[in-house]
$ cat data-v6.txt   # compact mmCIF, C-alpha atoms and all ligand atoms
# COMPACT_ATOMS: atom_id res chain seq x y z
CA MET F 1 113.85 -100.20 -149.89
CA LYS F 2 116.79 -101.63 -148.00
CA ILE F 3 120.16 -101.38 -149.80
CA ILE F 4 123.22 -102.99 -148.22
CA GLU F 5 126.82 -102.53 -149.38
CA ASN F 6 129.34 -105.39 -149.38
CA PHE F 7 126.62 -107.93 -148.66
CA ASP F 8 127.28 -111.50 -147.50
CA LEU F 9 125.25 -113.91 -149.68
CA THR F 10 125.92 -117.04 -147.58
CA LEU F 11 122.38 -117.23 -146.20
CA PHE F 12 120.84 -116.40 -149.58
CA ASN F 13 121.97 -119.50 -151.46
CA SER F 14 120.97 -122.96 -150.32
CA TYR F 15 124.46 -124.42 -150.86
CA LYS F 16 125.51 -121.90 -148.18
CA ILE F 17 128.53 -120.93 -150.27
CA THR F 18 130.15 -117.81 -148.90
CA ALA F 19 130.36 -114.97 -151.39
CA PHE F 20 129.98 -111.22 -151.14
CA CYS F 21 128.46 -108.75 -153.57
CA LYS F 22 129.11 -105.07 -153.99
CA ARG F 23 125.56 -104.08 -153.18
CA ALA F 24 122.28 -105.85 -152.39
CA PHE F 25 118.81 -104.41 -153.02
CA PHE F 26 115.66 -105.65 -151.29
CA PRO F 27 112.76 -104.28 -153.37
CA GLU F 28 109.39 -103.87 -151.69
CA CYS F 29 107.20 -102.62 -154.55
CA ILE F 30 107.17 -102.18 -158.30
CA GLU F 31 108.47 -98.62 -158.00
CA ASP F 32 111.56 -100.01 -156.25
CA PHE F 33 112.29 -102.27 -159.23
CA LYS F 34 112.00 -99.30 -161.58
CA GLU F 35 114.30 -97.28 -159.36
CA ILE F 36 116.89 -100.07 -159.24
CA PHE F 37 117.09 -100.19 -163.02
CA SER F 38 117.02 -96.43 -163.59
CA LYS F 39 118.62 -94.53 -160.72
CA TYR F 40 121.10 -97.31 -159.86
CA ASN F 41 121.68 -98.49 -163.39
CA PHE F 42 125.44 -98.01 -163.67
CA GLY F 43 126.31 -100.70 -166.19
CA ASP F 44 124.17 -103.71 -166.88
CA ASN F 45 125.43 -105.73 -163.96
CA LYS F 46 122.42 -106.74 -161.91
CA ILE F 47 121.88 -110.32 -160.76
CA ILE F 48 118.56 -111.55 -159.41
CA ILE F 49 118.17 -114.05 -156.60
CA GLY F 50 114.77 -115.42 -155.61
CA GLY F 51 114.98 -118.11 -152.96
CA GLY F 52 118.56 -118.97 -153.98
CA TYR F 53 117.66 -122.70 -154.02
CA ASN F 54 119.03 -123.40 -157.47
CA LEU F 55 122.24 -121.39 -157.62
CA ILE F 56 125.97 -122.08 -157.70
CA LEU F 57 127.89 -118.97 -156.69
CA SER F 58 131.17 -119.39 -158.58
CA LYS F 59 132.98 -116.31 -157.24
CA ASP F 60 134.02 -115.18 -153.77
CA TYR F 61 133.24 -111.58 -154.60
CA TYR F 62 130.90 -110.01 -157.13
CA GLU F 63 131.35 -106.49 -158.44
CA ASN F 64 127.66 -106.77 -159.35
CA ASP F 65 124.55 -105.49 -157.66
CA PHE F 66 122.26 -108.28 -156.48
CA ILE F 67 118.49 -107.94 -156.29
CA LEU F 68 117.11 -110.19 -153.59
CA ILE F 69 113.44 -110.89 -154.28
CA GLY F 70 112.10 -112.48 -151.13
CA GLU F 71 110.04 -111.63 -148.08
CA SER F 72 110.13 -107.89 -148.81
CA PHE F 73 108.10 -108.47 -152.00
CA ALA F 74 105.80 -111.32 -151.11
CA SER F 75 102.16 -110.34 -150.87
CA LEU F 76 99.67 -113.07 -151.64
CA THR F 77 95.94 -112.70 -152.23
CA ILE F 78 92.93 -114.44 -153.65
CA ASP F 79 92.01 -112.92 -157.00
CA ASP F 80 88.83 -114.92 -157.53
CA LEU F 81 87.85 -117.63 -155.05
CA SER F 82 85.06 -119.09 -157.17
CA GLU F 83 87.56 -119.60 -160.02
CA GLY F 84 90.35 -120.67 -157.62
CA ILE F 85 92.69 -117.93 -158.80
CA ILE F 86 95.37 -116.63 -156.47
CA VAL F 87 97.96 -113.97 -157.19
CA GLY F 88 101.34 -113.65 -155.56
CA GLU F 89 104.33 -111.36 -155.79
CA ALA F 90 107.55 -112.95 -157.02
CA GLY F 91 109.14 -113.21 -153.58
CA VAL F 92 106.46 -115.31 -151.95
CA SER F 93 107.83 -118.70 -150.96
CA THR F 94 106.31 -121.95 -152.20
CA LEU F 95 105.96 -122.96 -148.56
CA LYS F 96 103.78 -119.93 -147.79
CA LEU F 97 101.96 -120.39 -151.09
CA SER F 98 101.02 -124.01 -150.50
CA ASN F 99 99.94 -123.33 -146.91
CA PHE F 100 97.81 -120.42 -148.16
CA ALA F 101 96.13 -122.72 -150.70
CA LEU F 102 95.50 -125.29 -147.97
CA ASP F 103 93.97 -122.66 -145.67
CA ASN F 104 91.61 -121.66 -148.50
CA GLY F 105 90.66 -125.21 -149.47
CA LEU F 106 92.46 -124.98 -152.81
CA SER F 107 94.32 -127.88 -154.39
CA GLY F 108 97.14 -127.84 -156.99
CA LEU F 109 100.14 -126.68 -154.97
CA GLU F 110 100.70 -129.77 -152.83
CA THR F 111 103.86 -130.82 -154.73
CA PHE F 112 105.33 -127.34 -154.32
CA TYR F 113 105.08 -127.55 -150.52
CA ASP F 114 108.43 -129.36 -150.61
CA ILE F 115 110.10 -127.68 -153.62
CA PRO F 116 111.91 -124.79 -151.95
CA SER F 117 111.48 -121.73 -154.14
CA SER F 118 110.23 -118.22 -154.57
CA LEU F 119 107.22 -117.95 -156.84
CA GLY F 120 109.25 -115.97 -159.40
CA GLY F 121 112.06 -118.53 -159.36
CA ALA F 122 109.56 -121.37 -159.80
CA VAL F 123 108.26 -119.73 -162.98
CA VAL F 124 111.75 -119.02 -164.35
CA MET F 125 112.82 -122.62 -163.69
CA ASN F 126 109.43 -124.21 -164.48
CA ALA F 127 109.90 -126.05 -161.21
CA GLY F 128 108.11 -129.31 -160.65
CA ALA F 129 108.22 -132.92 -159.54
CA SER F 130 106.38 -136.19 -160.08
CA GLY F 131 104.99 -135.12 -163.44
CA GLU F 132 103.65 -131.77 -162.16
CA GLU F 133 105.14 -128.42 -163.16
CA ILE F 134 104.31 -124.84 -162.23
CA LYS F 135 103.18 -124.25 -165.81
CA ASP F 136 100.23 -126.63 -165.23
CA ILE F 137 98.60 -124.20 -162.81
CA LEU F 138 99.89 -120.92 -164.21
CA VAL F 139 97.58 -118.36 -165.81
CA LYS F 140 99.76 -115.33 -166.50
CA VAL F 141 102.80 -113.40 -165.31
CA GLU F 142 103.39 -109.69 -164.87
CA TYR F 143 106.99 -108.66 -165.44
CA LEU F 144 109.22 -105.63 -165.80
CA ASP F 145 110.76 -105.46 -169.24
CA ARG F 146 114.08 -103.71 -168.78
CA ALA F 147 114.36 -103.25 -172.55
CA ASP F 148 111.80 -100.41 -172.39
CA MET F 149 111.13 -100.27 -168.63
CA LYS F 150 107.45 -101.10 -169.12
CA ILE F 151 105.36 -103.43 -166.99
CA LYS F 152 103.93 -106.17 -169.22
CA VAL F 153 101.76 -109.23 -168.89
CA ILE F 154 102.49 -112.53 -170.60
CA SER F 155 100.13 -115.48 -170.65
CA LYS F 156 101.14 -119.07 -170.05
CA GLU F 157 100.99 -120.01 -173.74
CA ASP F 158 103.64 -117.41 -174.60
CA ILE F 159 106.12 -118.31 -171.86
CA GLY F 160 107.66 -121.17 -173.86
CA PHE F 161 107.73 -123.55 -170.92
CA LYS F 162 109.87 -126.65 -171.31
CA TYR F 163 111.33 -129.12 -168.83
CA ARG F 164 112.96 -126.88 -166.17
CA ASN F 165 113.05 -124.02 -168.66
CA SER F 166 111.05 -120.95 -169.63
CA PHE F 167 111.18 -117.81 -171.74
CA PHE F 168 112.65 -115.96 -168.74
CA GLN F 169 115.89 -117.99 -168.76
CA SER F 170 116.82 -116.73 -172.21
CA ASN F 171 115.39 -113.25 -171.57
CA THR F 172 117.25 -112.17 -168.48
CA ASP F 173 116.22 -108.55 -168.98
CA LYS F 174 112.70 -109.50 -167.85
CA VAL F 175 111.96 -109.53 -164.14
CA VAL F 176 109.04 -111.61 -162.89
CA LEU F 177 106.92 -109.46 -160.58
CA LYS F 178 103.53 -111.10 -160.10
CA VAL F 179 102.11 -114.49 -160.90
CA TRP F 180 98.49 -115.69 -161.25
CA LEU F 181 97.79 -119.35 -160.50
CA GLN F 182 94.63 -121.30 -161.04
CA LEU F 183 93.82 -123.93 -158.41
CA GLU F 184 90.88 -126.24 -157.83
CA LYS F 185 88.54 -126.59 -154.89
CA GLY F 186 89.70 -129.42 -152.65
CA ILE F 187 89.14 -130.99 -149.25
CA PRO F 188 91.66 -129.54 -146.78
CA SER F 189 92.37 -132.88 -145.05
CA LYS F 190 93.15 -134.50 -148.42
CA ILE F 191 95.30 -131.56 -149.51
CA LEU F 192 97.29 -131.75 -146.27
CA GLU F 193 97.66 -135.51 -146.56
CA LYS F 194 99.12 -135.15 -150.07
CA MET F 195 101.49 -132.37 -148.95
CA GLU F 196 102.78 -134.42 -146.03
CA SER F 197 103.14 -137.66 -147.95
CA ILE F 198 105.07 -136.04 -150.82
CA ARG F 199 107.34 -134.36 -148.31
CA ALA F 200 107.97 -137.59 -146.37
CA SER F 201 108.87 -139.58 -149.47
CA ARG F 202 111.22 -136.85 -150.75
CA TRP F 203 112.96 -136.42 -147.39
CA ALA F 204 113.51 -140.18 -147.24
CA LYS F 205 115.50 -140.00 -150.51
CA GLN F 206 117.19 -136.59 -150.40
CA PRO F 207 120.13 -135.37 -148.29
CA ARG F 208 118.17 -132.68 -146.45
CA ASP F 209 120.63 -132.62 -143.53
CA PHE F 210 123.32 -130.86 -145.59
CA PRO F 211 123.14 -127.64 -147.63
CA ASN F 212 122.38 -128.43 -151.29
CA ALA F 213 120.50 -126.98 -154.24
CA GLY F 214 118.43 -129.95 -155.34
CA SER F 215 119.22 -132.03 -158.41
CA VAL F 216 122.41 -130.85 -160.02
CA PHE F 217 121.62 -132.14 -163.51
CA LYS F 218 118.55 -132.25 -165.70
CA ARG F 219 117.25 -135.73 -166.32
CA PRO F 220 118.57 -136.84 -169.71
CA ASN F 221 116.20 -138.65 -172.08
CA GLY F 222 116.14 -142.37 -171.39
CA PHE F 223 118.50 -142.25 -168.39
CA TYR F 224 118.41 -141.48 -164.67
CA VAL F 225 121.24 -139.44 -163.20
CA GLY F 226 121.36 -141.08 -159.74
CA PRO F 227 121.79 -144.66 -160.99
CA MET F 228 124.51 -143.61 -163.49
CA ILE F 229 126.46 -141.95 -160.68
CA ASP F 230 125.94 -145.05 -158.51
CA ASP F 231 127.19 -147.25 -161.32
CA LEU F 232 130.34 -145.11 -161.66
CA LYS F 233 130.90 -145.40 -157.88
CA LEU F 234 131.06 -141.63 -157.59
CA LYS F 235 128.95 -141.31 -154.44
CA GLY F 236 131.03 -139.76 -151.68
CA LEU F 237 133.46 -138.13 -154.14
CA THR F 238 134.72 -135.08 -152.25
CA ILE F 239 136.51 -131.97 -153.48
CA GLY F 240 137.22 -129.32 -150.88
CA GLY F 241 133.96 -128.92 -148.97
CA ALA F 242 131.70 -130.34 -151.68
CA GLN F 243 130.66 -133.97 -151.87
CA ILE F 244 128.42 -136.17 -154.00
CA SER F 245 125.76 -137.23 -151.53
CA GLU F 246 125.94 -140.83 -150.34
CA LYS F 247 122.16 -140.73 -149.98
CA HIS F 248 121.33 -139.52 -153.51
CA GLY F 249 123.97 -139.41 -156.25
CA GLY F 250 122.13 -136.63 -158.10
CA PHE F 251 122.81 -134.17 -155.28
CA ILE F 252 126.01 -132.35 -154.31
CA ILE F 253 126.16 -131.33 -150.66
CA ASN F 254 128.24 -128.79 -148.77
CA ILE F 255 129.95 -130.72 -145.99
CA GLY F 256 131.89 -127.68 -144.77
CA ASN F 257 132.97 -124.41 -146.36
CA ALA F 258 132.47 -125.57 -149.95
CA SER F 259 133.29 -123.00 -152.60
CA GLY F 260 131.59 -122.65 -155.96
CA ASP F 261 134.78 -124.00 -157.54
CA ASP F 262 134.54 -127.17 -155.43
CA VAL F 263 130.99 -127.78 -156.68
CA LEU F 264 131.95 -127.01 -160.29
CA ALA F 265 134.98 -129.34 -160.11
CA ILE F 266 132.74 -132.22 -159.05
CA ILE F 267 130.31 -131.38 -161.84
CA SER F 268 133.05 -131.58 -164.51
CA ILE F 269 134.26 -134.94 -163.23
CA VAL F 270 130.73 -136.37 -163.27
CA GLN F 271 130.02 -134.97 -166.75
CA LYS F 272 133.23 -136.46 -168.15
CA LYS F 273 132.77 -139.89 -166.58
CA VAL F 274 129.10 -140.11 -167.56
CA LYS F 275 129.95 -139.13 -171.12
CA ASP F 276 132.79 -141.69 -171.30
CA LYS F 277 130.72 -144.58 -169.95
CA PHE F 278 127.17 -143.84 -171.12
CA GLY F 279 127.70 -141.41 -174.01
CA VAL F 280 125.31 -138.97 -172.26
CA ASP F 281 125.85 -135.20 -172.06
CA LEU F 282 124.60 -134.13 -168.65
CA GLU F 283 123.15 -130.64 -168.61
CA VAL F 284 123.45 -128.68 -165.37
CA GLU F 285 120.03 -127.65 -164.02
CA GLN F 286 121.43 -125.27 -161.40
CA ARG F 287 122.17 -121.71 -162.47
CA ILE F 288 125.90 -120.95 -162.34
CA ILE F 289 126.51 -117.32 -161.45
C1 LIG H 301 116.28 -129.60 -151.33
C2 LIG H 301 115.92 -129.12 -152.70
C3 LIG H 301 115.03 -129.84 -153.47
C4 LIG H 301 114.67 -129.39 -154.74
N1 LIG H 301 113.77 -130.10 -155.47
C5 LIG H 301 113.35 -129.63 -156.67
C6 LIG H 301 112.34 -130.32 -157.41
O1 LIG H 301 111.81 -131.35 -157.00
N2 LIG H 301 111.96 -129.80 -158.59
C7 LIG H 301 112.49 -128.64 -159.08
O2 LIG H 301 112.06 -128.19 -160.16
N3 LIG H 301 113.46 -127.97 -158.40
C8 LIG H 301 113.89 -128.44 -157.22
N4 LIG H 301 114.87 -127.78 -156.52
C9 LIG H 301 115.47 -126.57 -157.10
C10 LIG H 301 114.69 -125.30 -156.72
O3 LIG H 301 113.76 -125.62 -155.74
C11 LIG H 301 113.94 -124.72 -157.93
O4 LIG H 301 114.76 -124.55 -159.05
C12 LIG H 301 113.32 -123.37 -157.56
O5 LIG H 301 112.27 -123.08 -158.46
C13 LIG H 301 114.33 -122.24 -157.56
O6 LIG H 301 113.64 -121.07 -157.20
P1 LIG H 301 114.38 -119.87 -156.45
O7 LIG H 301 113.37 -118.84 -156.14
O8 LIG H 301 115.18 -120.39 -155.34
O9 LIG H 301 115.29 -119.36 -157.64
P2 LIG H 301 116.82 -118.90 -157.56
O10 LIG H 301 117.65 -120.10 -157.29
O11 LIG H 301 116.96 -117.75 -156.66
O12 LIG H 301 117.04 -118.42 -159.06
C14 LIG H 301 116.94 -119.32 -160.13
C15 LIG H 301 117.02 -118.52 -161.43
O13 LIG H 301 115.86 -117.70 -161.56
C16 LIG H 301 116.21 -116.32 -161.66
N5 LIG H 301 115.14 -115.58 -160.96
C17 LIG H 301 114.69 -115.82 -159.68
N6 LIG H 301 113.67 -115.00 -159.42
C18 LIG H 301 113.45 -114.23 -160.53
C19 LIG H 301 112.51 -113.22 -160.86
N7 LIG H 301 111.58 -112.79 -160.02
N8 LIG H 301 112.58 -112.66 -162.12
C20 LIG H 301 113.51 -113.08 -163.00
N9 LIG H 301 114.43 -114.04 -162.73
C21 LIG H 301 114.39 -114.61 -161.50
C22 LIG H 301 117.58 -116.20 -161.04
O14 LIG H 301 118.29 -115.10 -161.56
C23 LIG H 301 118.20 -117.54 -161.46
O15 LIG H 301 118.67 -117.49 -162.78
C24 LIG H 301 115.23 -128.19 -155.24
C25 LIG H 301 116.13 -127.45 -154.45
C26 LIG H 301 116.46 -127.91 -153.19
C27 LIG H 301 117.39 -127.09 -152.35
$ encode --input "data-v6.txt" --output "C-alpha cells" --more "lines below"
Ligand SMILES: Cc1cc2nc3c(=O)[nH]c(=O)nc-3n(C[C@H](O)[C@H](O)[C@H](O)COP(=O)(O)OP(=O)(O)OC[C@H]3O[C@@H](n4cnc5c(N)ncnc54)[C@H](O)[C@@H]3O)c2cc1C
Amino acid sequence: MKIIENFDLTLFNSYKITAFCKRAFFPECIEDFKEIFSKYNFGDNKIIIGGGYNLILSKDYYENDFILIGESFASLTIDDLSEGIIVGEAGVSTLKLSNFALDNGLSGLETFYDIPSSLGGAVVMNAGASGEEIKDILVKVEYLDRADMKIKVISKEDIGFKYRNSFFQSNTDKVVLKVWLQLEKGIPSKILEKMESIRASRWAKQPRDFPNAGSVFKRPNGFYVGPMIDDLKLKGLTIGGAQISEKHGGFIINIGNASGDDVLAIISIVQKKVKDKFGVDLEVEQRII
C-alpha cells in the first residue's frame, strides 16, 4: 500500500481546493484497511475520500490521516450474469461502472454515467438524479466496522437510505468496501443512447467548465434551489476564488484558487438570504471536512 506524507489533496477534491494532509493512505485490499486502523491507529483521526466529488475542504492543512479509496481498490466483476448482479470494490468509479454494465448488456446504471463518484461514495451519499438513486439497484454492502474491526455485510433494507443520505453518514466508523448491484438485461444501443442523452442534458445546464462539487444544497420540500438563487439575484456572487455559477445558481464554482472558507462564506450568505425571503432552511448536501 502506498503511504505518502504531507500529501497535496488538490487533485483529490473536485473543487480543486488546495489543502495538505499529514499522511495519505492508498489501500489496495481489505488487509490494508485493517492495517490502517490497527497499526496506524494513533488517535481516531482518519478521514475517508472516495472520488472527492462532494467535499468542501475547509482547512489548508489537516493533522489527520486521509484514506483515499480510488483506483487502487477498484476491482469490478460479474457475480451472476443471469441475475444481472455485479460486484465492485468501493473505489471503482461510476464512469467505469456504467461502461462495464454497457459492455455486458446490463441496464440500470445509465444515470450514474454522469454522476461523478466512487461506488462507495455513491452508497454513502445515496447518489442519484431524475428520480433514480443508487439504493434502487443496490443489493448489499460489505463494510469494515471499526468498532470491532470485523468485516460485515448489510442488506439494502437495513441501510436506512433517504434522499442523499444513508446509515453510513451517521456511522462514520463503518467503511464501505464492496457493493453488490442488481441490473437488468438491456440492449446495448439503447443503454448507450440513454447514457449519452442524460449526459448531454446535464452538461447543457451545469457549469462543467469550472471545478465544482455538484449541487451545493439539498432540494428543500416544495422549492427549487436554483430559481430561489436566481430570484435573489445571487448568480455571479464572488468571494475570493469562489463564485455562484452564472449557468446554474445551485452550483458554486472555483474560478481561481478558491479556499474552503470562500465556498463556506458564499454558502452562509445564500442560506441567510433564502431564509429571509422564502423562510426556507437550506441544508448543505456537500460534506464539509
Ligand atoms: C459535476 C457534478 C455533478 C454532480 N451531480 C450529482 C447528481 O446528479 N446527483 C448526486 O447525488 N450527486 C451529484 N454530485 C455529487 C457527487 O457526485 C456524489 O455525491 C457522489 O456520490 C460523491 O461520491 P464520492 O466518491 O466522490 O464521495 P466523496 O466526495 O469522496 O465522499 C463523500 C462522503 O462519503 C464518505 N465516503 C466516501 N467513500 C467512502 C467509503 N468507501 N466508506 C465510507 N465513507 C466513504 C466521505 O468520507 C464523505 O463523507 C455531483 C458532483 C459533481 C462534481
$ residues_near_ligand --input "data-v6.txt" --ligand "ligand LIG 301 (chain H)" --cutoff "7 Å" --atoms "all atoms listed in the file" --output "PDB file with C-alpha atoms, keeping the file's coordinate frame"
ATOM      1  CA  SER F  14     120.970-122.960-150.320  1.00  0.00           C
ATOM      2  CA  ILE F  47     121.880-110.320-160.760  1.00  0.00           C
ATOM      3  CA  ILE F  48     118.560-111.550-159.410  1.00  0.00           C
ATOM      4  CA  ILE F  49     118.170-114.050-156.600  1.00  0.00           C
ATOM      5  CA  GLY F  50     114.770-115.420-155.610  1.00  0.00           C
ATOM      6  CA  GLY F  51     114.980-118.110-152.960  1.00  0.00           C
ATOM      7  CA  GLY F  52     118.560-118.970-153.980  1.00  0.00           C
ATOM      8  CA  TYR F  53     117.660-122.700-154.020  1.00  0.00           C
ATOM      9  CA  ASN F  54     119.030-123.400-157.470  1.00  0.00           C
ATOM     10  CA  LEU F  55     122.240-121.390-157.620  1.00  0.00           C
ATOM     11  CA  ILE F  69     113.440-110.890-154.280  1.00  0.00           C
ATOM     12  CA  ALA F  90     107.550-112.950-157.020  1.00  0.00           C
ATOM     13  CA  GLY F  91     109.140-113.210-153.580  1.00  0.00           C
ATOM     14  CA  ILE F 115     110.100-127.680-153.620  1.00  0.00           C
ATOM     15  CA  PRO F 116     111.910-124.790-151.950  1.00  0.00           C
ATOM     16  CA  SER F 117     111.480-121.730-154.140  1.00  0.00           C
ATOM     17  CA  SER F 118     110.230-118.220-154.570  1.00  0.00           C
ATOM     18  CA  LEU F 119     107.220-117.950-156.840  1.00  0.00           C
ATOM     19  CA  GLY F 120     109.250-115.970-159.400  1.00  0.00           C
ATOM     20  CA  GLY F 121     112.060-118.530-159.360  1.00  0.00           C
ATOM     21  CA  ALA F 122     109.560-121.370-159.800  1.00  0.00           C
ATOM     22  CA  VAL F 123     108.260-119.730-162.980  1.00  0.00           C
ATOM     23  CA  VAL F 124     111.750-119.020-164.350  1.00  0.00           C
ATOM     24  CA  MET F 125     112.820-122.620-163.690  1.00  0.00           C
ATOM     25  CA  ASN F 126     109.430-124.210-164.480  1.00  0.00           C
ATOM     26  CA  ALA F 127     109.900-126.050-161.210  1.00  0.00           C
ATOM     27  CA  GLY F 128     108.110-129.310-160.650  1.00  0.00           C
ATOM     28  CA  ALA F 129     108.220-132.920-159.540  1.00  0.00           C
ATOM     29  CA  ARG F 164     112.960-126.880-166.170  1.00  0.00           C
ATOM     30  CA  PHE F 168     112.650-115.960-168.740  1.00  0.00           C
ATOM     31  CA  GLN F 169     115.890-117.990-168.760  1.00  0.00           C
ATOM     32  CA  THR F 172     117.250-112.170-168.480  1.00  0.00           C
ATOM     33  CA  LYS F 174     112.700-109.500-167.850  1.00  0.00           C
ATOM     34  CA  VAL F 175     111.960-109.530-164.140  1.00  0.00           C
ATOM     35  CA  VAL F 176     109.040-111.610-162.890  1.00  0.00           C
ATOM     36  CA  LEU F 177     106.920-109.460-160.580  1.00  0.00           C
ATOM     37  CA  ARG F 208     118.170-132.680-146.450  1.00  0.00           C
ATOM     38  CA  ASN F 212     122.380-128.430-151.290  1.00  0.00           C
ATOM     39  CA  ALA F 213     120.500-126.980-154.240  1.00  0.00           C
ATOM     40  CA  GLY F 214     118.430-129.950-155.340  1.00  0.00           C
ATOM     41  CA  SER F 215     119.220-132.030-158.410  1.00  0.00           C
ATOM     42  CA  ARG F 287     122.170-121.710-162.470  1.00  0.00           C
TER      43      ARG F 287
END
$ closest_residue --input "data-v6.txt" --among "F:Glu132, F:Gly250, F:Asp231, F:Gly241" --to "Lys277 in chain F" --atoms "all atoms listed in the file"
F:Asp231
$ residues_around --input "data-v6.txt" --residues "Gln243 in chain F" --least-positions-apart "6" --cutoff "10 Å" --atoms "only C-alpha atoms" --output "list in words"
Asn212, Leu234, Lys235, Gly236, Leu237, Gly249, Phe251, Ile252, Ile253, Asn254, Ile255, Gly256, Ala258, Asp262, Val263 and Ile266 of chain F
$ closest_residue --input "data-v6.txt" --among "F:Leu57, F:Gly279, F:Thr77, F:Gly105" --to "Phe223 in chain F" --atoms "all atoms listed in the file"
F:Gly279
$ closest_residue --input "data-v6.txt" --among "F:Leu109, F:Val270, F:Ala242, F:Leu282" --to "Phe210 in chain F" --atoms "only C-alpha atoms"
F:Ala242
$ closest_residue --input "data-v6.txt" --among "F:Arg146, F:Lys140, F:Lys135, F:Lys272" --to "Ile36 in chain F" --atoms "all atoms listed in the file"
F:Arg146
$ closest_residue --input "data-v6.txt" --among "F:Ile67, F:Ile4, F:Ile239, F:Leu144" --to "Ser268 in chain F" --atoms "only C-alpha atoms"
F:Ile239
$ atom_distance --input "data-v6.txt" --atom1 "CA of Lys218 in chain F" --atom2 "CA of Glu285 in chain F"
5.1 Å
$ atom_distance --input "data-v6.txt" --atom1 "CA of Ser72 in chain F" --atom2 "CA of Glu5 in chain F"
17.5 Å
$ atom_distance --input "data-v6.txt" --atom1 "CA of Trp180 in chain F" --atom2 "CA of Ala101 in chain F"
12.9 Å
$ closest_residue --input "data-v6.txt" --among "F:Asp114, F:Tyr224, F:Val179, F:Gln286" --to "Gly88 in chain F" --atoms "all atoms listed in the file"
F:Val179
$ residues_around --input "data-v6.txt" --residues "Lys152 in chain F" --least-positions-apart "6" --cutoff "9 Å" --atoms "only C-alpha atoms" --output "PDB file with C-alpha atoms, keeping the file's coordinate frame"
ATOM      1  CA  VAL F 141     102.800-113.400-165.310  1.00  0.00           C
ATOM      2  CA  GLU F 142     103.390-109.690-164.870  1.00  0.00           C
ATOM      3  CA  TYR F 143     106.990-108.660-165.440  1.00  0.00           C
ATOM      4  CA  LEU F 144     109.220-105.630-165.800  1.00  0.00           C
ATOM      5  CA  ASP F 145     110.760-105.460-169.240  1.00  0.00           C
TER       6      ASP F 145
END
